[in-house]
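Visitor: Coordinates in target09.txt, compact mmCIF, C-alpha atoms (C1' of nucleotides), are listed below.
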```txt
# COMPACT_ATOMS: atom_id res chain seq x y z
CA MET A 293 -36.14 35.21 77.79
CA ALA A 294 -38.71 32.53 77.22
CA ARG A 295 -38.47 29.56 79.47
CA THR A 296 -39.19 26.79 77.05
CA VAL A 297 -39.88 24.09 79.65
CA THR A 298 -37.12 22.02 78.01
CA GLU A 299 -35.96 18.95 79.79
CA ARG A 300 -32.61 17.36 79.32
CA SER A 301 -34.17 14.33 77.69
CA ASP A 302 -35.96 16.52 75.15
CA VAL A 303 -32.77 17.81 73.62
CA LEU A 304 -31.05 14.42 73.39
CA PRO A 305 -32.57 13.47 70.03
CA LEU A 306 -31.64 16.85 68.60
CA LEU A 307 -28.15 16.51 70.00
CA ALA A 308 -27.85 13.03 68.55
CA GLU A 309 -28.78 14.29 65.11
CA VAL A 310 -26.17 17.04 65.25
CA PHE A 311 -23.44 14.60 66.21
CA ARG A 312 -24.60 12.16 63.55
CA GLU A 313 -24.40 14.82 60.87
CA HIS A 314 -21.22 16.56 61.93
CA GLY A 315 -19.30 14.14 64.09
CA TYR A 316 -17.68 15.03 67.37
CA GLU A 317 -15.17 17.58 66.16
CA GLY A 318 -17.46 19.01 63.53
CA ALA A 319 -20.34 19.60 65.91
CA SER A 320 -19.39 23.00 67.27
CA LEU A 321 -21.20 24.55 70.17
CA SER A 322 -22.68 27.14 67.87
CA LEU A 323 -24.10 24.38 65.66
CA ILE A 324 -25.39 22.56 68.72
CA SER A 325 -26.90 25.75 70.02
CA LYS A 326 -28.62 26.41 66.73
CA ALA A 327 -29.90 22.84 66.37
CA THR A 328 -31.27 22.63 69.88
CA GLY A 329 -32.45 26.19 70.18
CA LEU A 330 -30.61 26.44 73.47
CA GLY A 331 -27.96 28.98 74.32
CA LYS A 332 -24.69 28.08 75.88
CA GLY A 333 -26.06 28.89 79.28
CA SER A 334 -28.77 26.28 78.95
CA LEU A 335 -26.48 23.72 77.38
CA TYR A 336 -23.97 24.00 80.17
CA HIS A 337 -26.75 23.93 82.67
CA PHE A 338 -27.91 20.54 81.39
CA PHE A 339 -24.46 19.24 80.52
CA PRO A 340 -21.85 20.75 82.84
CA GLY A 341 -19.25 18.50 81.26
CA GLY A 342 -19.62 20.17 77.89
CA LYS A 343 -19.51 18.35 74.60
CA ALA A 344 -18.08 15.18 76.06
CA GLU A 345 -21.00 14.87 78.47
CA MET A 346 -23.43 15.59 75.66
CA VAL A 347 -22.03 12.75 73.59
CA GLU A 348 -22.04 10.42 76.55
CA ALA A 349 -25.66 11.24 77.25
CA VAL A 350 -26.56 10.66 73.62
CA LEU A 351 -24.67 7.37 73.54
CA ALA A 352 -26.40 6.29 76.71
CA GLU A 353 -29.78 7.02 75.22
CA ILE A 354 -28.95 5.20 72.00
CA ASP A 355 -27.67 2.29 74.04
CA GLY A 356 -30.86 2.25 76.05
CA TRP A 357 -32.98 2.32 72.94
CA PHE A 358 -31.14 -0.57 71.35
CA GLU A 359 -31.16 -2.50 74.58
CA ALA A 360 -34.92 -2.19 74.81
CA ASN A 361 -35.79 -2.57 71.13
CA VAL A 362 -33.08 -4.81 69.76
CA PHE A 363 -30.83 -6.55 72.25
CA ARG A 364 -33.41 -7.60 74.81
CA PRO A 365 -35.82 -9.03 72.22
CA LEU A 366 -32.93 -10.96 70.73
CA ARG A 367 -32.20 -12.50 74.12
CA ALA A 368 -35.84 -13.44 74.67
CA ALA A 369 -36.50 -17.11 74.19
CA ASP A 370 -39.70 -17.03 72.17
CA ASP A 371 -39.71 -17.58 68.39
CA PRO A 372 -36.07 -16.71 67.67
CA ALA A 373 -36.58 -16.66 63.90
CA ALA A 374 -39.26 -13.99 64.17
CA VAL A 375 -37.15 -11.99 66.61
CA VAL A 376 -34.15 -12.01 64.29
CA ALA A 377 -36.33 -10.98 61.38
CA ALA A 378 -37.79 -8.21 63.49
CA MET A 379 -34.30 -6.97 64.28
CA PHE A 380 -33.68 -6.21 60.62
CA THR A 381 -36.95 -4.35 60.32
CA THR A 382 -36.26 -2.37 63.47
CA VAL A 383 -32.74 -1.30 62.55
CA GLY A 384 -33.84 -0.66 58.97
CA ASP A 385 -36.36 1.81 60.28
CA TYR A 386 -33.95 3.23 62.82
CA PHE A 387 -31.36 4.01 60.18
CA ARG A 388 -34.07 5.42 57.94
CA SER A 389 -33.41 2.81 55.27
CA GLY A 390 -29.84 3.93 54.92
CA ARG A 391 -30.36 7.67 55.03
CA ARG A 392 -29.25 7.99 58.62
CA VAL A 393 -25.76 7.40 59.91
CA CYS A 394 -24.99 5.22 62.91
CA LEU A 395 -23.45 7.54 65.45
CA VAL A 396 -21.72 4.68 67.26
CA GLY A 397 -20.13 3.47 64.07
CA ALA A 398 -19.14 6.94 62.95
CA LEU A 399 -17.52 7.69 66.30
CA SER A 400 -15.68 4.37 66.13
CA LEU A 401 -13.93 5.49 62.96
CA SER A 402 -13.18 8.98 64.25
CA ASP A 403 -10.45 10.13 66.58
CA ALA A 404 -13.07 10.48 69.30
CA ARG A 405 -13.04 6.70 69.58
CA ASP A 406 -10.56 6.60 72.42
CA ARG A 407 -12.57 9.05 74.46
CA PHE A 408 -15.73 6.96 74.31
CA ALA A 409 -14.13 3.56 73.77
CA GLY A 410 -16.07 1.87 76.55
CA ALA A 411 -19.49 2.86 75.30
CA LEU A 412 -18.66 2.00 71.70
CA ARG A 413 -17.25 -1.40 72.57
CA ASP A 414 -20.18 -2.20 74.82
CA TYR A 415 -22.78 -1.35 72.23
CA PHE A 416 -21.35 -3.57 69.54
CA ALA A 417 -20.27 -6.35 71.88
CA ARG A 418 -23.76 -6.68 73.33
CA TRP A 419 -25.33 -6.56 69.91
CA VAL A 420 -23.10 -9.30 68.53
CA GLU A 421 -23.53 -11.41 71.63
CA ALA A 422 -27.31 -11.10 71.68
CA LEU A 423 -27.57 -11.87 67.98
CA ALA A 424 -25.27 -14.87 68.26
CA GLY A 425 -27.46 -16.34 70.97
CA ALA A 426 -30.56 -15.87 68.87
CA LEU A 427 -28.88 -17.43 65.86
CA ILE A 428 -28.06 -20.50 67.89
CA ARG A 429 -31.69 -20.83 68.88
CA VAL A 430 -32.67 -20.39 65.25
CA GLY A 431 -30.57 -23.41 64.46
CA HIS A 432 -27.18 -22.08 63.45
CA PRO A 433 -24.25 -24.23 64.50
CA PRO A 434 -23.06 -22.78 67.84
CA GLU A 435 -19.44 -22.72 66.70
CA GLN A 436 -20.39 -20.48 63.77
CA ALA A 437 -23.00 -18.27 65.37
CA GLY A 438 -20.51 -15.78 66.75
CA ASP A 439 -18.84 -15.25 63.42
CA VAL A 440 -22.13 -14.93 61.58
CA ALA A 441 -23.38 -12.44 64.14
CA ALA A 442 -20.24 -10.33 63.77
CA GLU A 443 -20.59 -10.53 60.02
CA VAL A 444 -24.19 -9.34 60.22
CA VAL A 445 -23.61 -6.49 62.66
CA GLY A 446 -20.55 -5.43 60.72
CA GLY A 447 -22.47 -5.85 57.51
CA ILE A 448 -25.10 -3.40 58.69
CA GLN A 449 -22.42 -0.86 59.52
CA GLY A 450 -20.72 -1.38 56.21
CA ALA A 451 -24.01 -1.03 54.40
CA LEU A 452 -24.43 2.38 56.00
CA VAL A 453 -20.94 3.39 54.91
CA LEU A 454 -21.49 2.22 51.37
CA ALA A 455 -24.96 3.68 50.99
CA ARG A 456 -23.77 7.03 52.21
CA ALA A 457 -20.65 7.04 50.05
CA LEU A 458 -22.61 6.07 46.96
CA ASP A 459 -25.46 8.35 47.95
CA ARG A 460 -27.80 5.50 47.23
CA PRO A 461 -29.83 4.51 50.30
CA GLU A 462 -31.30 1.50 48.50
CA VAL A 463 -27.86 -0.10 48.67
CA PHE A 464 -28.39 -0.30 52.41
CA THR A 465 -31.76 -1.98 52.15
CA ARG A 466 -30.52 -4.50 49.60
CA ILE A 467 -27.51 -5.48 51.67
CA VAL A 468 -29.59 -5.74 54.81
CA SER A 469 -32.14 -7.96 53.13
CA GLY A 470 -29.29 -10.20 52.03
CA LEU A 471 -28.07 -10.40 55.61
CA ARG A 472 -31.57 -11.20 56.79
CA GLU A 473 -31.75 -14.16 54.44
CA ARG A 474 -28.44 -15.47 55.67
CA CYS A 475 -29.73 -15.41 59.22
CA ALA A 476 -32.95 -17.15 58.31
CA LEU A 477 -31.38 -19.85 56.19
CA GLY A 478 -28.71 -20.73 58.64
CA GLU A 479 -26.04 -21.81 56.19
CA GLY A 480 -26.22 -22.35 52.48
CA GLY A 481 -29.21 -21.66 50.27
CA SER A 482 -29.61 -20.14 46.84
CA GLY A 483 -29.84 -16.59 48.14
CA MET B 90 16.60 25.92 57.48
CA ALA B 91 17.25 22.43 56.26
CA ARG B 92 15.87 21.65 52.86
CA THR B 93 14.70 18.12 53.31
CA VAL B 94 14.50 17.25 49.60
CA THR B 95 10.85 16.44 50.18
CA GLU B 96 8.64 15.95 47.23
CA ARG B 97 4.94 16.30 47.26
CA SER B 98 4.46 12.59 46.72
CA ASP B 99 6.68 11.80 49.70
CA VAL B 100 4.39 13.44 52.19
CA LEU B 101 1.18 11.90 50.85
CA PRO B 102 1.45 8.69 52.90
CA LEU B 103 2.15 10.69 56.03
CA LEU B 104 -0.77 12.96 55.26
CA ALA B 105 -3.00 9.98 54.66
CA GLU B 106 -2.13 8.55 58.03
CA VAL B 107 -2.93 11.79 59.81
CA PHE B 108 -6.34 12.01 58.15
CA ARG B 109 -6.99 8.36 58.87
CA GLU B 110 -6.27 8.83 62.54
CA HIS B 111 -7.91 12.18 63.11
CA GLY B 112 -10.42 12.68 60.30
CA TYR B 113 -10.82 15.83 58.33
CA GLU B 114 -11.86 18.18 61.11
CA GLY B 115 -9.62 16.59 63.68
CA ALA B 116 -6.48 16.80 61.57
CA SER B 117 -5.37 20.31 62.40
CA LEU B 118 -2.60 22.01 60.52
CA SER B 119 -0.39 21.80 63.57
CA LEU B 120 -0.93 18.04 63.71
CA ILE B 121 -0.28 17.76 60.00
CA SER B 122 2.83 19.86 60.37
CA LYS B 123 4.10 17.68 63.17
CA ALA B 124 3.32 14.43 61.37
CA THR B 125 4.93 15.47 58.11
CA GLY B 126 7.79 17.45 59.56
CA LEU B 127 6.88 20.32 57.28
CA GLY B 128 6.06 23.84 58.37
CA LYS B 129 3.04 25.69 57.15
CA GLY B 130 5.14 27.36 54.52
CA SER B 131 6.09 24.07 52.94
CA LEU B 132 2.62 22.63 53.26
CA TYR B 133 1.04 25.58 51.50
CA HIS B 134 3.76 25.49 48.93
CA PHE B 135 2.87 21.93 47.99
CA PHE B 136 -0.85 22.30 48.58
CA PRO B 137 -1.93 25.87 47.87
CA GLY B 138 -5.52 24.84 48.38
CA GLY B 139 -4.91 24.00 52.03
CA LYS B 140 -6.45 21.05 53.82
CA ALA B 141 -9.02 20.39 51.14
CA GLU B 142 -6.33 19.98 48.52
CA MET B 143 -4.33 17.74 50.83
CA VAL B 144 -7.29 15.41 51.27
CA GLU B 145 -7.98 15.42 47.56
CA ALA B 146 -4.38 14.52 46.83
CA VAL B 147 -4.48 11.74 49.40
CA LEU B 148 -7.74 10.40 48.01
CA ALA B 149 -6.31 10.50 44.51
CA GLU B 150 -3.30 8.50 45.61
CA ILE B 151 -5.43 5.97 47.43
CA ASP B 152 -7.64 5.71 44.38
CA GLY B 153 -4.63 5.17 42.18
CA TRP B 154 -3.28 2.51 44.47
CA PHE B 155 -6.53 0.59 44.54
CA GLU B 156 -6.97 1.01 40.82
CA ALA B 157 -3.58 -0.55 40.19
CA ASN B 158 -3.61 -3.20 42.90
CA VAL B 159 -7.27 -4.11 43.28
CA PHE B 160 -9.66 -2.83 40.63
CA ARG B 161 -7.59 -3.48 37.52
CA PRO B 162 -6.65 -7.02 38.54
CA LEU B 163 -10.32 -7.70 39.22
CA ARG B 164 -11.16 -6.58 35.71
CA ALA B 165 -8.45 -8.74 34.17
CA ALA B 166 -9.80 -11.84 32.49
CA ASP B 167 -7.36 -14.46 33.71
CA ASP B 168 -8.23 -16.85 36.55
CA PRO B 169 -11.00 -14.83 38.21
CA ALA B 170 -11.15 -17.07 41.27
CA ALA B 171 -7.50 -16.43 42.05
CA VAL B 172 -7.89 -12.72 41.43
CA VAL B 173 -10.83 -12.48 43.81
CA ALA B 174 -8.93 -14.42 46.44
CA ALA B 175 -5.95 -12.14 45.93
CA MET B 176 -8.17 -9.12 46.50
CA PHE B 177 -8.90 -10.25 50.03
CA THR B 178 -5.25 -10.78 50.75
CA THR B 179 -4.34 -7.40 49.31
CA VAL B 180 -6.94 -5.41 51.22
CA GLY B 181 -6.26 -7.42 54.34
CA ASP B 182 -2.67 -6.32 54.17
CA TYR B 183 -3.61 -2.78 53.21
CA PHE B 184 -5.84 -2.36 56.23
CA ARG B 185 -3.19 -3.95 58.41
CA SER B 186 -5.47 -6.81 59.35
CA GLY B 187 -8.02 -4.45 60.81
CA ARG B 188 -5.67 -2.12 62.63
CA ARG B 189 -5.90 0.57 60.01
CA VAL B 190 -8.95 2.61 59.18
CA CYS B 191 -10.22 3.11 55.65
CA LEU B 192 -9.97 6.83 55.02
CA VAL B 193 -12.57 6.72 52.27
CA GLY B 194 -15.05 4.98 54.53
CA ALA B 195 -14.33 7.25 57.47
CA LEU B 196 -14.79 10.35 55.34
CA SER B 197 -18.04 8.94 54.01
CA LEU B 198 -19.48 8.89 57.52
CA SER B 199 -18.16 12.33 58.43
CA ASP B 200 -19.54 15.72 57.57
CA ALA B 201 -16.71 16.10 55.06
CA ARG B 202 -18.57 13.69 52.83
CA ASP B 203 -20.30 16.38 50.78
CA ARG B 204 -17.03 18.13 50.09
CA PHE B 205 -15.42 15.03 48.59
CA ALA B 206 -18.56 13.25 47.47
CA GLY B 207 -17.32 12.60 43.95
CA ALA B 208 -14.11 10.89 44.96
CA LEU B 209 -15.81 8.81 47.63
CA ARG B 210 -18.59 7.65 45.32
CA ASP B 211 -16.14 6.85 42.56
CA TYR B 212 -13.91 4.75 44.73
CA PHE B 213 -16.66 2.50 46.00
CA ALA B 214 -18.60 2.40 42.76
CA ARG B 215 -15.58 1.22 40.82
CA TRP B 216 -14.72 -1.33 43.47
CA VAL B 217 -18.19 -2.83 43.50
CA GLU B 218 -18.39 -2.82 39.74
CA ALA B 219 -15.02 -4.48 39.25
CA LEU B 220 -15.78 -7.10 41.87
CA ALA B 221 -19.19 -7.83 40.41
CA GLY B 222 -17.63 -8.49 37.02
CA ALA B 223 -15.08 -10.84 38.52
CA LEU B 224 -17.78 -12.67 40.45
CA ILE B 225 -19.71 -13.27 37.26
CA ARG B 226 -16.61 -14.78 35.69
CA VAL B 227 -16.14 -16.92 38.78
CA GLY B 228 -19.56 -18.36 38.17
CA HIS B 229 -21.93 -16.28 40.24
CA PRO B 230 -25.33 -15.69 38.68
CA PRO B 231 -25.09 -12.34 36.89
CA GLU B 232 -28.31 -11.08 38.42
CA GLN B 233 -26.87 -11.60 41.92
CA ALA B 234 -23.28 -10.54 41.36
CA GLY B 235 -23.93 -6.85 41.93
CA ASP B 236 -25.62 -7.46 45.24
CA VAL B 237 -22.96 -9.87 46.42
CA ALA B 238 -20.23 -7.43 45.43
CA ALA B 239 -21.91 -4.62 47.37
CA GLU B 240 -22.31 -6.95 50.32
CA VAL B 241 -18.62 -7.83 50.22
CA VAL B 242 -17.28 -4.30 49.80
CA GLY B 243 -19.67 -3.07 52.48
CA GLY B 244 -18.75 -6.03 54.62
CA ILE B 245 -15.11 -5.06 54.52
CA GLN B 246 -15.98 -1.55 55.61
CA GLY B 247 -18.21 -2.82 58.36
CA ALA B 248 -15.52 -5.20 59.52
CA LEU B 249 -13.22 -2.23 59.96
CA VAL B 250 -15.85 -0.37 61.96
CA LEU B 251 -16.53 -3.34 64.17
CA ALA B 252 -12.90 -4.29 64.71
CA ARG B 253 -12.06 -0.75 65.69
CA ALA B 254 -15.05 -0.32 67.98
CA LEU B 255 -14.37 -3.62 69.71
CA ASP B 256 -10.64 -2.97 69.66
CA ARG B 257 -10.19 -6.49 68.35
CA PRO B 258 -8.46 -6.54 64.97
CA GLU B 259 -9.01 -10.27 64.60
CA VAL B 260 -12.71 -9.55 64.16
CA PHE B 261 -11.76 -7.96 60.87
CA THR B 262 -9.78 -10.92 59.64
CA ARG B 263 -12.49 -13.38 60.61
CA ILE B 264 -15.23 -11.44 58.85
CA VAL B 265 -13.07 -10.97 55.77
CA SER B 266 -12.29 -14.66 55.57
CA GLY B 267 -16.01 -15.34 55.73
CA LEU B 268 -16.57 -12.97 52.84
CA ARG B 269 -13.81 -14.65 50.89
CA GLU B 270 -15.50 -18.01 51.22
CA ARG B 271 -18.79 -16.59 50.02
CA CYS B 272 -17.08 -15.28 46.91
CA ALA B 273 -15.32 -18.56 46.23
CA LEU B 274 -18.32 -20.75 46.81
CA GLY B 275 -20.66 -18.74 44.70
CA GLU B 276 -23.84 -19.67 46.54
CA GLY B 277 -24.47 -22.25 49.17
CA GLY B 278 -21.88 -24.24 51.06
CA SER B 279 -21.43 -25.21 54.65
CA GLY B 280 -19.38 -22.14 55.60
C1' DT C 15 -45.13 40.79 97.96
C1' DC C 16 -40.79 39.17 98.19
C1' DA C 17 -36.88 36.31 98.61
C1' DA C 18 -35.00 31.77 96.67
C1' DC C 19 -34.06 29.22 92.96
C1' DT C 20 -33.68 27.79 88.31
C1' DA C 21 -33.50 28.55 83.28
C1' DA C 22 -31.49 31.01 79.68
C1' DG C 23 -29.12 34.95 77.15
C1' DT C 24 -24.81 37.47 76.57
C1' DA C 25 -20.32 38.90 76.90
C1' DC C 26 -16.03 37.40 77.26
C1' DC C 27 -11.88 34.29 78.10
C1' DG C 28 -7.46 32.16 76.32
C1' DA C 29 -6.39 28.93 72.87
C1' DT C 30 -6.40 27.33 68.53
C1' DC C 31 -8.21 27.22 64.06
C1' DG C 32 -7.08 27.59 58.74
C1' DG C 33 -4.75 30.62 56.04
C1' DT C 34 -1.58 34.60 54.44
C1' DA C 35 2.63 37.35 54.06
C1' DC C 36 7.13 37.56 53.98
C1' DA C 37 11.92 36.98 54.81
C1' DG C 38 15.59 34.18 54.05
C1' DA C 39 18.26 29.90 53.20
C1' DA C 40 19.31 26.14 49.99
C1' DA C 41 19.66 24.56 45.42
C1' DA C 42 19.81 25.37 40.50
C1' DA C 43 21.11 28.06 36.57
C1' DG C 44 24.03 31.39 34.38
C1' DC D 108 30.87 34.26 41.52
C1' DT D 109 25.80 36.18 40.80
C1' DT D 110 21.12 35.54 39.80
C1' DT D 111 17.01 33.04 40.01
C1' DT D 112 14.01 29.72 41.57
C1' DT D 113 12.49 26.59 44.87
C1' DC D 114 11.65 25.64 49.50
C1' DT D 115 10.83 26.53 54.46
C1' DG D 116 10.47 28.80 59.02
C1' DT D 117 8.17 32.54 61.48
C1' DA D 118 5.12 35.92 62.58
C1' DC D 119 0.74 37.21 62.15
C1' DC D 120 -4.29 37.62 60.60
C1' DG D 121 -9.38 37.38 61.63
C1' DA D 122 -12.48 33.87 62.93
C1' DT D 123 -13.97 30.50 65.71
C1' DC D 124 -13.20 27.10 69.08
C1' DG D 125 -14.87 25.09 73.89
C1' DG D 126 -15.76 26.86 78.11
C1' DT D 127 -16.67 30.34 82.09
C1' DA D 128 -18.80 34.19 84.43
C1' DC D 129 -22.33 36.91 85.09
C1' DT D 130 -26.75 38.90 84.44
C1' DT D 131 -31.48 38.70 83.72
C1' DA D 132 -36.05 36.52 83.25
C1' DG D 133 -39.26 33.48 84.84
C1' DT D 134 -41.15 30.23 88.32
C1' DT D 135 -42.01 28.72 92.89
C1' DG D 136 -43.20 28.77 97.73
C1' DA D 137 -44.13 31.26 101.70
```
The structure given in the file should be rewritten as structure tokens.
Guide:
Amino acid sequence: MARTVTERSDVLPLLAEVFREHGYEGASLSLISKATGLGKGSLYHFFPGGKAEMVEAVLAEIDGWFEANVFRPLRAADDPAAVVAAMFTTVGDYFRSGRRVCLVGALSLSDARDRFAGALRDYFARWVEALAGALIRVGHPPEQAGDVAAEVVGGIQGALVLARALDRPEVFTRIVSGLRERCALGEGGSG
Amino acid sequence: MARTVTERSDVLPLLAEVFREHGYEGASLSLISKATGLGKGSLYHFFPGGKAEMVEAVLAEIDGWFEANVFRPLRAADDPAAVVAAMFTTVGDYFRSGRRVCLVGALSLSDARDRFAGALRDYFARWVEALAGALIRVGHPPEQAGDVAAEVVGGIQGALVLARALDRPEVFTRIVSGLRERCALGEGGSG
DNA sequence: TCAACTAAGTACCGATCGGTACAGAAAAAG
DNA sequence: CTTTTTCTGTACCGATCGGTACTTAGTTGA
């Protein structure tokens, strides 16, 4: 019975990947156990609340990562154009150029949405809000910035859906680069 | 034992709604039975292949509906601008202004994707292709039409994700109206 | 050395899963 | 009417579900 010095935070990325690949219902405890290398005893030691607590922990970590690497930079005042451009690079890498699913988006479409509604709403609301602020500083008309930001954040999610359905990850990168140009140009432009 | 003169095609919309709300894994046979009013005996009479066949039948019906009401009109030669505009109205209604989930998109993000990969890919591929052709006839540069079409179809999917996560259906309608303007304007414009 | 505590494996729980078998009622055919 | 076919409800199957209880192995501190 090897004690594998595992900490709760060590298994979160593995957990996240299982939920990304199989969703909430599809990620059975046996799958989770296999993916993490932890037996039920260990899993329920770290997450007494079971699957629901596992998902919440994963969502919290994702939220923290985006807060630190995406939302907070967007809210920073310096060089908004560069910060917006960096956002696209960061999320492009995060989603593995379209090969990785967004867990928050996938949960939003599933019947687990109600259970985690708060976390899902928060994630997207803060993203849209932070991006809208940055777009205003870039020079977008304030009355349009909110809509553009929603279009961009939604566009990223839709690009993931489409790329995965078509099984063509490059669809994601192409759509995202189109969104990036829209943000840079403000409005109009030859694309 | 009331024989409820049900035909297979009558239960498809009910089935579709169950899968939309609960996904493939989440839609248990007991839920399906409750939603359709049919016992297991009837369900397996109509769909000997079980859940998988039910989803395939639902996807086929959805595909047929979009083929008739969206894809084929897009391919028609007459008044492409009006046809593209009509597409947005049609899908806006179909998705109940953001209150209804796209089953094809939801399945694409779930672990059931591999099982129905062909149908999912087909649906989106034909949509993008038909829209791209219409955009060219509207006046979009042919070398950009494919990308714009992918951006629009993906944008619709993303709008559904975002509207559902935020629990604000109007987010869907706003994003979709933005996409409509992009299609009408070709490139450029003040938004 | 020896408790005290924590980490982790295992067996098991009731419930539910998807699916099958079958009986029997309703409708159709004769 | 009888026969046949088409439905449909019910009981049941083995498997697996999420979760609990309990035991054991390893670590820690005295």
Visitor: Measure the distance from CA of Leu192 in chain B to CA of Gly450 in chain A in Å and round it to one decimal.
Guide: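 Answer for the CA of Leu192 in chain B to CA of Gly450 in chain A separation: 13.6 Å.
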Visitor: Taking a cut-off of 10 Å and counting all atoms listed in the file, can you build a table that, for each residue of chain D near chain A, reports the nearest atom pair and how far apart they are in Å (one decimal), sorted by chain then residue number, as CSV?
Guide:
```
residue,atom,partner,partner_atom,distance
D:DT123,C1',A:Ser320,CA,9.4
D:DC124,C1',A:Ser320,CA,7.6
D:DG125,C1',A:Leu321,CA,7.4
D:DG126,C1',A:Gly342,CA,7.7
D:DT127,C1',A:Tyr336,CA,9.9
D:DT131,C1',A:Met293,CA,8.3
D:DA132,C1',A:Met293,CA,5.6
D:DG133,C1',A:Arg295,CA,6.7
D:DT134,C1',A:Arg295,CA,9.3
```
Visitor: Mind listing as a PyMOL selection string which residues of chain A are within 6 Å of chain B, counting all atoms listed in the file?
Guide: chain A and resi 313-314+398+400-401+403+412-413+443+446-447+449-451+454+457-458+467+479-482
Visitor: Using all atoms listed in the file, which residues sit within 12 Å of Glu345 in chain A once same-chain residues fewer than 6 positions away are excluded, as a PyMOL selection string?
Guide: chain A and resi 300+304+307+316+335-339+351-352+407-408
Visitor: Got a sec to pull out which chain C residues are within 7 Å of chain A, counting all atoms listed in the file, and send them as a list in words?
Guide: DA21, DA22 and DG23 of chain C
Visitor: How many Å separate CA of Ala327 in chain A from CA of Val310 in chain A?
Guide: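 Those two atoms sit 7.0 Å apart.
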Visitor: Separation of CA of Ala166 in chain B and CA of Leu220 in chain B, in Å?
Guide: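 Answer for the CA of Ala166 in chain B to CA of Leu220 in chain B separation: 12.1 Å.
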Visitor: As a ChimeraX atom specification, please: the residues near Phe358 in chain A (cut-off 9 Å, all atoms listed in the file, same-chain neighbours under 5 positions excluded).
Guide: /A:353,363-364,383,415,419
Visitor: Rank nothing, just name the residue among B:Ala157, B:Arg226, B:Phe184, B:Met143 nearest to Glu259 in chain B, using all atoms listed in the file.
Guide: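 Of B:Ala157, B:Arg226, B:Phe184, B:Met143, the one nearest Glu259 in chain B, counting all atoms listed in the file, is B:Phe184.
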Visitor: Compile the contact shell of DA17 in chain C as a list in words: residues with an atom at most 12 Å away, counting all atoms listed in the file, same-chain residues fewer than 3 positions apart removed.
Guide: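 In the requested format, the answer is DT135, DG136 and DA137 of chain D.
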Visitor: List the spatial neighbours of Ser469 in chain A as a list in words - criterion: any atom at most 8 Å away, all atoms listed in the file, same-chain residues fewer than 4 positions off excluded.
Guide: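 Listing them by chain and then by number gives Phe380, Thr465 and Glu473 of chain A.
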Visitor: Mind completing range 392-404 of chain A with N, CA and C atoms? Output as a JSON list (two decimals), keeping the file's coordinate frame, please?
Guide:
```
[["chain", "number", "residue", "atom", "x", "y", "z"],
["A", 392, "ARG", "N", -29.74, 7.48, 57.34],
["A", 392, "ARG", "CA", -29.25, 7.99, 58.62],
["A", 392, "ARG", "C", -27.97, 7.25, 58.99],
["A", 393, "VAL", "N", -27.04, 7.99, 59.54],
["A", 393, "VAL", "CA", -25.76, 7.40, 59.91],
["A", 393, "VAL", "C", -25.84, 6.81, 61.30],
["A", 394, "CYS", "N", -25.07, 5.77, 61.55],
["A", 394, "CYS", "CA", -24.99, 5.22, 62.91],
["A", 394, "CYS", "C", -23.94, 6.00, 63.68],
["A", 395, "LEU", "N", -24.38, 6.70, 64.70],
["A", 395, "LEU", "CA", -23.45, 7.54, 65.45],
["A", 395, "LEU", "C", -22.35, 6.70, 66.09],
["A", 396, "VAL", "N", -22.71, 5.53, 66.60],
["A", 396, "VAL", "CA", -21.72, 4.68, 67.26],
["A", 396, "VAL", "C", -20.65, 4.25, 66.27],
["A", 397, "GLY", "N", -21.09, 3.86, 65.09],
["A", 397, "GLY", "CA", -20.13, 3.47, 64.07],
["A", 397, "GLY", "C", -19.27, 4.63, 63.62],
["A", 398, "ALA", "N", -19.90, 5.78, 63.41],
["A", 398, "ALA", "CA", -19.14, 6.94, 62.95],
["A", 398, "ALA", "C", -18.09, 7.36, 63.99],
["A", 399, "LEU", "N", -18.49, 7.33, 65.25],
["A", 399, "LEU", "CA", -17.52, 7.69, 66.30],
["A", 399, "LEU", "C", -16.39, 6.66, 66.36],
["A", 400, "SER", "N", -16.71, 5.41, 66.07],
["A", 400, "SER", "CA", -15.68, 4.37, 66.13],
["A", 400, "SER", "C", -14.58, 4.62, 65.11],
["A", 401, "LEU", "N", -14.93, 5.22, 63.99],
["A", 401, "LEU", "CA", -13.93, 5.49, 62.96],
["A", 401, "LEU", "C", -13.23, 6.82, 63.18],
["A", 402, "SER", "N", -13.76, 7.64, 64.06],
["A", 402, "SER", "CA", -13.18, 8.98, 64.25],
["A", 402, "SER", "C", -12.13, 8.95, 65.35],
["A", 403, "ASP", "N", -11.48, 10.08, 65.54],
["A", 403, "ASP", "CA", -10.45, 10.13, 66.58],
["A", 403, "ASP", "C", -11.07, 10.31, 67.96],
["A", 404, "ALA", "N", -12.40, 10.42, 68.00],
["A", 404, "ALA", "CA", -13.07, 10.48, 69.30],
["A", 404, "ALA", "C", -13.26, 9.08, 69.88]]
```
